[in-house]
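Below is the file upload-v8.cif, which contains mmCIF, C-alpha atoms.
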data_start
loop_
_atom_site.label_atom_id
_atom_site.label_comp_id
_atom_site.auth_asym_id
_atom_site.auth_seq_id
_atom_site.Cartn_x
_atom_site.Cartn_y
_atom_site.Cartn_z
CA MET A 1 76.09 117.46 113.62
CA THR A 2 79.77 117.13 112.70
CA ASP A 3 80.55 115.29 109.48
CA HIS A 4 83.47 113.32 110.88
CA ALA A 5 84.62 112.10 107.47
CA GLN A 6 85.48 115.68 106.49
CA HIS A 7 88.04 115.85 109.29
CA ARG A 8 89.87 112.58 108.69
CA TYR A 9 93.54 112.81 107.66
CA ALA A 10 96.40 110.41 107.03
CA GLY A 11 100.01 111.27 107.77
CA ILE A 12 102.63 108.92 106.30
CA ILE A 13 106.04 108.93 107.98
CA ALA A 14 108.69 108.30 105.33
CA GLY A 15 111.86 109.84 106.69
CA GLY A 16 114.21 106.96 107.47
CA SER A 17 117.19 106.27 105.24
CA GLY A 18 116.87 102.46 105.42
CA THR A 19 120.57 101.73 105.96
CA ARG A 20 119.85 98.07 106.79
CA LEU A 21 118.89 97.70 103.12
CA TRP A 22 122.24 99.00 101.83
CA PRO A 23 123.46 98.90 99.07
CA ALA A 24 120.04 99.14 97.38
CA SER A 25 118.96 101.89 99.78
CA ARG A 26 121.24 104.93 99.64
CA ALA A 27 121.27 108.51 100.90
CA ALA A 28 119.87 109.67 97.55
CA ARG A 29 117.37 106.80 97.21
CA PRO A 30 115.85 105.68 100.52
CA LYS A 31 114.14 102.34 100.97
CA GLN A 32 110.68 103.95 100.80
CA LEU A 33 111.24 104.56 97.09
CA LEU A 34 112.58 101.11 96.19
CA PRO A 35 110.26 98.91 94.11
CA ILE A 36 109.47 96.23 96.69
CA ALA A 37 106.39 94.28 95.65
CA GLY A 38 104.25 94.41 92.55
CA GLY A 39 106.55 97.06 91.08
CA MET A 40 105.41 99.63 93.66
CA SER A 41 107.50 101.31 96.32
CA LEU A 42 106.72 101.07 100.03
CA LEU A 43 105.61 104.71 99.91
CA GLU A 44 103.14 103.95 97.11
CA HIS A 45 101.78 100.97 99.03
CA ALA A 46 101.21 103.18 102.09
CA TRP A 47 99.58 105.89 99.98
CA HIS A 48 97.13 103.53 98.26
CA ARG A 49 96.40 101.57 101.44
CA VAL A 50 94.05 104.34 102.65
CA GLU A 51 92.05 104.62 99.42
CA GLY A 52 88.36 104.88 100.22
CA VAL A 53 89.05 105.96 103.81
CA VAL A 54 91.01 109.21 103.48
CA PRO A 55 90.98 111.16 100.19
CA ALA A 56 94.27 112.17 98.58
CA ALA A 57 93.57 115.83 99.38
CA ARG A 58 93.85 115.04 103.10
CA ARG A 59 96.96 112.83 103.02
CA LEU A 60 100.34 114.17 104.14
CA VAL A 61 103.86 112.78 103.97
CA CYS A 62 106.45 113.60 106.63
CA THR A 63 109.97 113.10 105.31
CA THR A 64 113.36 114.74 105.30
CA GLU A 65 114.08 117.74 103.09
CA ALA A 66 116.53 115.66 101.05
CA PHE A 67 113.74 113.28 99.97
CA ALA A 68 110.84 115.73 99.61
CA GLU A 69 111.00 116.25 95.85
CA ALA A 70 111.49 112.54 95.16
CA MET A 71 108.43 111.77 97.29
CA ARG A 72 106.32 114.26 95.32
CA GLY A 73 107.57 112.79 92.05
CA THR A 74 106.54 109.32 93.20
CA LEU A 75 103.06 110.43 94.33
CA PRO A 76 101.47 112.76 91.74
CA GLY A 77 98.48 113.32 94.07
CA LEU A 78 100.70 114.75 96.82
CA SER A 79 100.50 118.56 96.93
CA ALA A 80 103.43 120.69 98.05
CA ASP A 81 101.64 121.97 101.16
CA HIS A 82 101.05 118.38 102.27
CA VAL A 83 104.76 117.54 102.44
CA LEU A 84 106.13 118.10 105.93
CA ALA A 85 109.88 118.27 105.38
CA GLU A 86 112.21 117.83 108.35
CA PRO A 87 115.64 119.46 108.01
CA VAL A 88 117.09 116.55 110.01
CA GLY A 89 115.67 113.31 111.37
CA ARG A 90 114.62 113.51 115.02
CA ASP A 91 112.90 110.11 115.47
CA THR A 92 109.21 109.36 115.52
CA LEU A 93 107.99 111.49 118.41
CA ASN A 94 108.90 114.65 116.54
CA ALA A 95 107.57 113.36 113.21
CA VAL A 96 104.24 112.41 114.83
CA GLY A 97 104.25 115.68 116.77
CA LEU A 98 104.88 117.73 113.64
CA ILE A 99 101.95 116.08 111.85
CA ALA A 100 99.68 116.58 114.88
CA HIS A 101 100.62 120.21 115.51
CA VAL A 102 100.40 121.31 111.88
CA LEU A 103 97.02 119.64 111.39
CA ALA A 104 95.65 120.94 114.70
CA ALA A 105 96.54 124.45 113.53
CA ARG A 106 94.82 123.90 110.18
CA ASP A 107 91.75 122.03 111.45
CA ALA A 108 90.81 122.03 115.15
CA ASP A 109 88.68 118.88 114.60
CA ALA A 110 91.33 116.91 112.71
CA VAL A 111 91.54 113.17 113.45
CA VAL A 112 94.75 111.67 112.10
CA ALA A 113 95.89 108.20 111.11
CA VAL A 114 99.69 108.12 111.35
CA LEU A 115 101.07 105.38 109.11
CA THR A 116 104.59 104.43 108.10
CA ALA A 117 106.14 103.72 104.72
CA ASP A 118 107.82 100.56 106.04
CA HIS A 119 105.06 97.98 105.78
CA LEU A 120 103.38 95.57 103.44
CA ILE A 121 99.89 94.63 104.68
CA GLU A 122 97.59 92.15 102.98
CA PRO A 123 94.72 92.08 102.41
CA ALA A 124 94.57 95.86 102.15
CA GLU A 125 90.78 95.90 102.53
CA LEU A 126 91.02 94.28 105.97
CA PHE A 127 93.40 97.06 107.01
CA ARG A 128 90.94 99.64 105.70
CA GLU A 129 88.21 98.07 107.84
CA ARG A 130 90.40 98.34 110.94
CA LEU A 131 91.30 101.90 110.00
CA ARG A 132 87.66 102.91 109.67
CA ALA A 133 86.98 101.30 113.04
CA ALA A 134 89.85 103.18 114.68
CA PHE A 135 88.59 106.49 113.28
CA GLY A 136 85.16 105.70 114.70
CA LEU A 137 86.57 104.92 118.15
CA VAL A 138 88.51 108.18 118.32
CA GLU A 139 85.61 110.24 116.97
CA ALA A 140 83.41 108.73 119.70
CA ASP A 141 85.98 109.66 122.37
CA PRO A 142 88.48 112.31 121.18
CA ALA A 143 90.68 111.71 124.26
CA ARG A 144 91.39 108.18 123.05
CA ILE A 145 94.49 107.13 121.13
CA ALA A 146 94.07 103.99 119.02
CA THR A 147 96.77 101.76 117.64
CA PHE A 148 97.02 98.48 115.74
CA GLY A 149 98.63 95.30 117.03
CA VAL A 150 99.85 92.28 115.05
CA ALA A 151 99.70 88.77 116.51
CA PRO A 152 103.34 87.71 117.02
CA THR A 153 104.52 84.66 115.12
CA HIS A 154 107.86 84.38 116.93
CA ALA A 155 109.78 85.99 119.79
CA ALA A 156 111.04 88.98 117.81
CA THR A 157 113.36 91.39 119.60
CA GLY A 158 113.28 94.01 116.85
CA TYR A 159 109.64 95.03 117.41
CA GLY A 160 107.84 96.79 120.22
CA TYR A 161 105.02 94.99 122.04
CA ILE A 162 101.58 96.03 123.31
CA GLU A 163 99.87 94.28 126.22
CA ARG A 164 96.21 93.70 125.42
CA GLY A 165 93.76 94.24 128.27
CA ALA A 166 89.99 94.00 128.53
CA GLU A 167 87.76 94.59 125.53
CA VAL A 168 86.66 98.21 125.51
CA ALA A 169 84.48 98.71 122.45
CA SER A 170 83.42 97.56 119.06
CA GLY A 171 84.88 99.64 116.31
CA GLY A 172 82.09 99.27 113.77
CA GLY A 173 81.06 96.77 111.15
CA ASN A 174 83.31 95.05 108.68
CA ALA A 175 82.80 93.47 105.30
CA SER A 176 81.81 90.12 106.78
CA GLY A 177 79.11 91.69 108.91
CA GLY A 178 81.01 91.43 112.21
CA ALA A 179 82.71 94.10 114.24
CA ALA A 180 86.33 95.15 114.63
CA ARG A 181 87.17 94.48 118.27
CA ALA A 182 89.22 96.86 120.35
CA PHE A 183 91.00 96.28 123.66
CA ALA A 184 92.62 98.44 126.29
CA ALA A 185 96.33 98.86 125.60
CA THR A 186 97.68 98.44 129.13
CA ARG A 187 101.40 98.43 128.44
CA PHE A 188 103.86 99.39 125.71
CA VAL A 189 107.29 97.75 125.68
CA GLU A 190 109.95 98.87 123.23
CA LYS A 191 112.08 96.05 121.75
CA PRO A 192 112.45 93.60 124.66
CA ASP A 193 115.34 91.19 125.12
CA ARG A 194 115.01 87.58 124.00
CA MET A 195 113.84 86.23 127.35
CA ARG A 196 111.04 88.77 127.68
CA ALA A 197 110.00 88.37 124.05
CA GLU A 198 109.63 84.62 124.58
CA GLU A 199 107.59 85.27 127.73
CA TYR A 200 105.30 87.65 125.83
CA LEU A 201 104.83 85.12 123.05
CA ARG A 202 103.87 82.37 125.53
CA SER A 203 101.43 84.60 127.40
CA GLY A 204 99.24 85.30 124.37
CA ALA A 205 98.49 88.72 125.88
CA TYR A 206 100.90 90.73 123.75
CA LEU A 207 100.77 91.99 120.18
CA TRP A 208 103.53 93.43 118.06
CA ASN A 209 103.38 97.22 117.95
CA SER A 210 102.70 98.12 114.31
CA GLY A 211 103.82 101.73 114.83
CA MET A 212 100.54 103.06 113.41
CA PHE A 213 98.17 105.27 115.41
CA VAL A 214 94.87 107.15 115.13
CA PHE A 215 94.21 110.18 117.32
CA ALA A 216 92.63 113.61 117.42
CA ALA A 217 95.41 116.03 116.48
CA ARG A 218 94.77 118.25 119.51
CA THR A 219 94.86 115.20 121.82
CA MET A 220 98.33 114.22 120.62
CA CYS A 221 99.48 117.82 121.11
CA ARG A 222 98.26 117.66 124.72
CA ALA A 223 99.84 114.25 125.27
CA ILE A 224 103.22 115.53 124.07
CA GLU A 225 102.88 118.58 126.33
CA ARG A 226 102.20 116.29 129.31
CA PHE A 227 104.66 113.46 128.73
CA ALA A 228 107.36 115.04 126.53
CA PRO A 229 107.43 118.75 127.47
CA ALA A 230 110.94 119.21 126.04
CA HIS A 231 109.37 118.79 122.59
CA ALA A 232 106.10 120.66 123.04
CA ASP A 233 107.12 124.33 122.82
CA GLY A 234 109.33 123.81 119.78
CA LEU A 235 106.69 121.85 117.88
CA ALA A 236 104.05 124.46 118.72
CA GLU A 237 106.32 127.27 117.50
CA ILE A 238 106.94 125.41 114.24
CA ALA A 239 103.22 124.81 113.73
CA ARG A 240 102.42 128.52 114.21
CA ALA A 241 104.95 129.38 111.51
CA TRP A 242 104.27 126.48 109.15
CA ASP A 243 101.80 128.17 106.80
CA THR A 244 103.54 131.55 106.94
CA PRO A 245 106.62 133.03 105.23
CA ALA A 246 108.55 132.41 108.47
CA ARG A 247 108.42 128.62 108.09
CA GLY A 248 111.92 128.14 106.68
CA GLU A 249 113.66 130.22 109.34
CA VAL A 250 111.71 128.75 112.25
CA VAL A 251 112.03 125.12 111.15
CA ALA A 252 115.78 125.47 110.46
CA ARG A 253 116.31 127.05 113.87
CA VAL A 254 114.01 124.97 116.06
CA TYR A 255 113.69 121.47 114.62
CA PRO A 256 117.36 120.40 114.96
CA SER A 257 117.22 121.40 118.65
CA LEU A 258 114.42 118.95 119.47
CA PRO A 259 115.60 115.89 121.43
CA ARG A 260 115.66 112.56 119.62
CA GLN A 261 112.91 110.34 120.97
CA SER A 262 110.52 107.65 119.75
CA VAL A 263 106.80 108.23 120.15
CA ASP A 264 106.50 104.86 121.87
CA ARG A 265 108.97 105.70 124.63
CA GLY A 266 108.07 109.37 124.85
CA VAL A 267 104.27 109.21 124.77
CA MET A 268 102.75 105.74 124.49
CA GLU A 269 104.67 104.06 127.34
CA PRO A 270 103.89 106.76 129.93
CA ALA A 271 100.32 107.19 128.66
CA SER A 272 99.68 103.47 129.25
CA VAL A 273 100.46 103.82 132.98
CA ALA A 274 97.43 104.55 135.16
CA GLY A 275 97.62 107.37 137.68
CA SER A 276 97.23 106.95 141.43
CA ASP A 277 93.45 107.13 140.96
CA GLY A 278 93.55 104.37 138.36
CA ALA A 279 92.60 106.75 135.55
CA ARG A 280 94.36 107.40 132.27
CA PRO A 281 93.91 110.89 130.78
CA PHE A 282 94.51 109.47 127.30
CA PRO A 283 92.80 106.06 127.10
CA LEU A 284 94.78 103.80 124.81
CA CYS A 285 93.22 101.01 122.80
CA VAL A 286 94.57 98.46 120.36
CA LEU A 287 92.78 96.88 117.42
CA PRO A 288 94.21 93.46 116.49
CA LEU A 289 95.31 93.48 112.87
CA ASP A 290 94.86 89.89 111.79
CA ALA A 291 96.49 90.39 108.41
CA GLN A 292 99.75 89.51 106.72
CA TRP A 293 102.03 92.24 108.06
CA LEU A 294 105.63 92.65 107.02
CA ASP A 295 107.93 95.36 108.30
CA VAL A 296 110.42 95.63 105.43
CA GLY A 297 113.41 96.87 107.38
CA SER A 298 116.20 94.41 106.59
CA TRP A 299 117.28 91.97 103.91
CA PRO A 300 115.69 88.94 105.64
CA SER A 301 112.35 90.75 105.76
CA PHE A 302 112.77 91.97 102.17
CA ALA A 303 113.37 88.35 101.18
CA GLU A 304 109.89 87.47 102.41
CA THR A 305 108.47 89.49 99.50
CA ILE A 306 110.05 86.91 97.12
CA PRO A 307 108.67 83.35 96.80
CA ALA A 308 110.96 80.63 98.16
CA ASP A 309 112.01 77.47 96.31
CA GLU A 310 112.08 74.00 97.88
CA ALA A 311 115.51 74.71 99.44
CA GLY A 312 114.37 77.97 101.04
CA ASN A 313 116.20 80.12 98.50
CA ARG A 314 114.71 83.45 97.47
CA SER A 315 115.98 85.37 94.45
CA ASN A 316 114.89 88.04 92.00
CA ALA A 317 118.19 87.84 90.10
CA HIS A 318 119.70 85.88 87.27
CA TRP A 319 121.17 83.24 89.55
CA CYS A 320 122.95 79.98 88.78
CA ASP A 321 123.50 77.66 91.73
CA LEU A 322 124.65 74.21 92.79
CA GLY A 323 123.43 72.89 96.14
CA SER A 324 122.84 76.09 98.13
CA ARG A 325 120.16 76.51 100.79
CA GLY A 326 118.47 79.40 102.58
CA MET A 327 119.95 81.98 100.22
CA THR A 328 118.71 85.49 99.52
CA VAL A 329 120.05 86.73 96.17
CA VAL A 330 119.00 90.18 94.94
CA SER A 331 120.23 92.09 91.91
CA GLU A 332 119.33 95.41 90.31
CA GLU A 333 121.32 94.62 87.15
CA PRO A 334 119.24 92.58 84.66
CA GLY A 335 122.34 91.65 82.65
CA HIS A 336 124.37 90.43 85.63
CA LEU A 337 124.61 86.77 86.63
CA VAL A 338 125.18 85.69 90.24
CA ALA A 339 126.62 82.16 90.62
CA THR A 340 127.04 80.20 93.86
CA VAL A 341 128.08 76.69 94.88
CA GLY A 342 127.23 74.99 98.18
CA CYS A 343 126.43 78.16 100.10
CA GLU A 344 124.02 78.36 103.01
CA ASP A 345 122.06 81.17 104.67
CA LEU A 346 123.81 84.03 102.91
CA VAL A 347 122.49 87.37 101.72
CA ILE A 348 123.93 88.53 98.41
CA VAL A 349 122.84 91.91 97.01
CA HIS A 350 124.28 93.24 93.75
CA THR A 351 123.80 96.81 92.52
CA ARG A 352 125.43 98.80 89.74
CA ASP A 353 128.37 99.89 91.89
CA ALA A 354 128.36 97.81 95.07
CA THR A 355 127.87 94.19 96.19
CA LEU A 356 126.97 92.97 99.67
CA VAL A 357 127.66 89.46 101.00
CA CYS A 358 126.81 88.55 104.59
CA PRO A 359 125.41 85.69 106.67
CA ARG A 360 121.66 86.00 107.06
CA ALA A 361 122.07 85.84 110.85
CA GLN A 362 124.17 89.03 110.79
CA ALA A 363 121.97 91.04 108.42
CA GLU A 364 121.13 93.55 111.18
CA ARG A 365 124.78 94.62 111.12
CA VAL A 366 124.38 96.00 107.58
CA LYS A 367 123.28 99.27 109.19
CA GLU A 368 126.64 99.48 110.97
CA LEU A 369 128.44 98.58 107.76
CA ALA A 370 126.60 101.25 105.75
CA GLU A 371 127.88 103.90 108.14
CA ARG A 372 131.47 102.81 107.45
CA VAL A 373 131.52 102.57 103.65
CA PRO A 374 133.24 105.45 101.82
CA GLY A 375 131.03 108.42 101.03
CA LYS A 376 130.53 107.85 97.29
CA TRP A 377 128.85 104.49 97.99
CA ARG A 378 126.56 105.64 100.81
#
Any chance you could give the structure as structure tokens?
Amino acid sequence: MTDHAQHRYAGIIAGGSGTRLWPASRAARPKQLLPIAGGMSLLEHAWHRVEGVVPAARRLVCTTEAFAEAMRGTLPGLSADHVLAEPVGRDTLNAVGLIAHVLAARDADAVVAVLTADHLIEPAELFRERLRAAFGLVEADPARIATFGVAPTHAATGYGYIERGAEVASGGGNASGGAARAFAATRFVEKPDRMRAEEYLRSGAYLWNSGMFVFAARTMCRAIERFAPAHADGLAEIARAWDTPARGEVVARVYPSLPRQSVDRGVMEPASVAGSDGARPFPLCVLPLDAQWLDVGSWPSFAETIPADEAGNRSNAHWCDLGSRGMTVVSEEPGHLVATVGCEDLVIVHTRDATLVCPRAQAERVKELAERVPGKWR
């Protein structure tokens, strides 16, 4: 009998540069390494979130070559052969595919939880329960791909959505003696417009796509071969070379040639569509994650990690104010004072060498701004 626990892995994707959190997040210090909550970075939160489910010896981090050493310095338990360094970013399909192909080559029975270093999830133990349940579902049916969905609180257009179908299985017991429920994932929609997002919210049938998945490594390799063949051969070639002296040459030659594509558009959306016979070769299921889930991708979402005062202001800075409301004031300089009078709904971020001021409603444009600032401040 297979000891499934010996074949469980976690792959943490931590490759994005986090330009929407400029000027705190820079090319040399991505958002995953910023101290976000409780003095820990997002990467550290992701690493510790799987404690008791996947041992440190079977956790990997997929990041860019430029961040690899910093990631290892942040996580002392991360061994060099468990850092999958991309020479360039090629979106999530290739990051997920790299994790799946390398692990399938190392362990034919590998079952992988792909997580991201973008989230804060509380309580962590509830997430661990859902994670254990997802592993159990995939181990019971290795063709299955499991994901986690978050109940939407508003009609967000910055998240993907998952349509929840009929209940398909129980994913095992939880701490309260119940079972983690799982449902067919009948549709994946990537970042809808406002009208569709409002429709999804009203329907009650859609969950936010958390961007986290559990699958058998070989199943994901087959899914990429079927739905994203332009990626399959290159990823397979890289995996064959990964644990050999040829790794550097092969990765440098092949990886930049892979098309940019998200795993949601490239694999999950087409996999959710039934064939003419009504069957799905890769059954998709979603486990509702009824936890506090925060995707820390912009200054408004970062602000939610800071308690608000009675006027809706959030600040971790030395801040002196008269009559402002809805402010987000962040500073990395303990000796610097920020002072405001009568302001409303602004984001102010002060670092050692740069200061950002923008309306909260235009915070998404910080990414565009970060691409325009002179090189020394990027």
For this session: Could you expand the PyMOL selection byres ((chain A and resi 218) around 8) into the explicit residues it covers here, written as a PyMOL selection string?
Result: chain A and resi 100-101+104+108-110+216-217+219-222
For this session: Name the residues that the PyMOL selection byres ((chain A and resi 282-292) around 6) pulls out of this structure, and write them as a PyMOL selection string.
Result: chain A and resi 121-122+143-150+182-185+280-281+293
For this session: Apply the PyMOL selection byres ((chain A and resi 55) around 12) to the file shown and report the selected residues as a PyMOL selection string.
Result: chain A and resi 5-11+47-54+56-60+77-78
Seminar exercise, completed: Leu33 (chain A) proximity check over A:Ala134, A:Ala197, A:Met71, A:Leu126, using only C-alpha atoms: winner is A:Met71
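Taking CA of Ser331 (chain A) and CA of Asn316 (chain A) as the two end points, the separation is 6.7 Å.
Distance-wise, CA of Val96 (chain A) and CA of Leu42 (chain A) end up 18.8 Å apart.
Of note, CA of Ser257 (chain A) and CA of Ala95 (chain A) are spaced 13.7 Å apart.
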Problem set entry | Spatial neighbours of Asp81 (chain A), 10 Å, all atoms listed in the file, chain gap at least 2 places, as a PyMOL selection string | chain A and resi 60-61+78-79+83-85+242-243
Listed atoms of region 269-287 of chain A, axis-aligned box, 3 Å per side: centre and edge lengths to one decimal in Å, as lines of an AutoDock Vina configuration file?
center_x = 98.6
center_y = 103.9
center_z = 129.4
size_x = 18.1
size_y = 20.0
size_z = 30.0
Exercise. So which one's closest to Gln261 (chain A), A:His350, A:Arg130, A:His154, A:His231? Using all atoms listed in the file, please.
Worked result: A:His231
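Comparing A:Thr64, A:Ser41, A:Asn94, A:Thr116 by their smallest distance to Ser262 (chain A), the closest is A:Asn94 (using only C-alpha atoms).
Restricting the calculation to all atoms listed in the file, the smallest distance between His82 (chain A) and any of A:Ile162, A:Val111, A:Ile12, A:Ala46 is found for A:Ile12.
Distances here use only C-alpha atoms; by that measure, the residue among A:Phe188, A:Ala117, A:Ile36, A:Ser272 closest to Cys62 (chain A) is A:Ala117.
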As a PDB file with C-alpha atoms, keeping the file's coordinate frame, please: the residues near Phe67 (chain A) (cut-off 9 Å, all atoms listed in the file, same-chain neighbours under 5 positions excluded).
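See around_36.pdb below for the written result:
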ATOM      1  CA  ALA A  14     108.690 108.300 105.330  1.00  0.00           C
ATOM      2  CA  GLY A  15     111.860 109.840 106.690  1.00  0.00           C
ATOM      3  CA  ALA A  27     121.270 108.510 100.900  1.00  0.00           C
ATOM      4  CA  ALA A  28     119.870 109.670  97.550  1.00  0.00           C
ATOM      5  CA  ARG A  29     117.370 106.800  97.210  1.00  0.00           C
ATOM      6  CA  PRO A  30     115.850 105.680 100.520  1.00  0.00           C
ATOM      7  CA  ARG A  72     106.320 114.260  95.320  1.00  0.00           C
ATOM      8  CA  ALA A  85     109.880 118.270 105.380  1.00  0.00           C
TER       9      ALA A  85
END
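Among the candidate residues A:Gly97, A:Pro192, A:Gly204, A:Pro256, the one lying nearest to Ala223 (chain A) is A:Gly97, with distances computed using only C-alpha atoms.
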List every residue of region 245-334 of chain A that has an atom at most 12 Å from any atom of region 361-373 of chain A, and for each one report the closest atom pair and its distance in Å to one decimal, counting all atoms listed in the file, with rows sorted by chain and then by increasing residue number, as a Markdown table.
| residue | atom | partner | partner_atom | distance |
| --- | --- | --- | --- | --- |
| A:Gly297 | CA | A:Glu364 | CA | 9.2 |
| A:Ser298 | CA | A:Glu364 | CA | 6.8 |
| A:Trp299 | CA | A:Ala363 | CA | 6.6 |
| A:Pro300 | CA | A:Ala363 | CA | 7.2 |
| A:Ser301 | CA | A:Ala363 | CA | 10.0 |
| A:Phe302 | CA | A:Ala363 | CA | 11.2 |
| A:Ala303 | CA | A:Ala363 | CA | 11.6 |
| A:Gly326 | CA | A:Ala361 | CA | 11.1 |
| A:Met327 | CA | A:Ala361 | CA | 11.5 |
| A:Thr328 | CA | A:Ala363 | CA | 11.0 |
For this session: Starting from the point (103.1, 81.6, 122.0), work out which residues of protein, DNA or RNA have an atom no more than 8 Å away when counting all atoms listed in the file; state them as a PyMOL selection string.
Result: chain A and resi 152-154+198+200-204
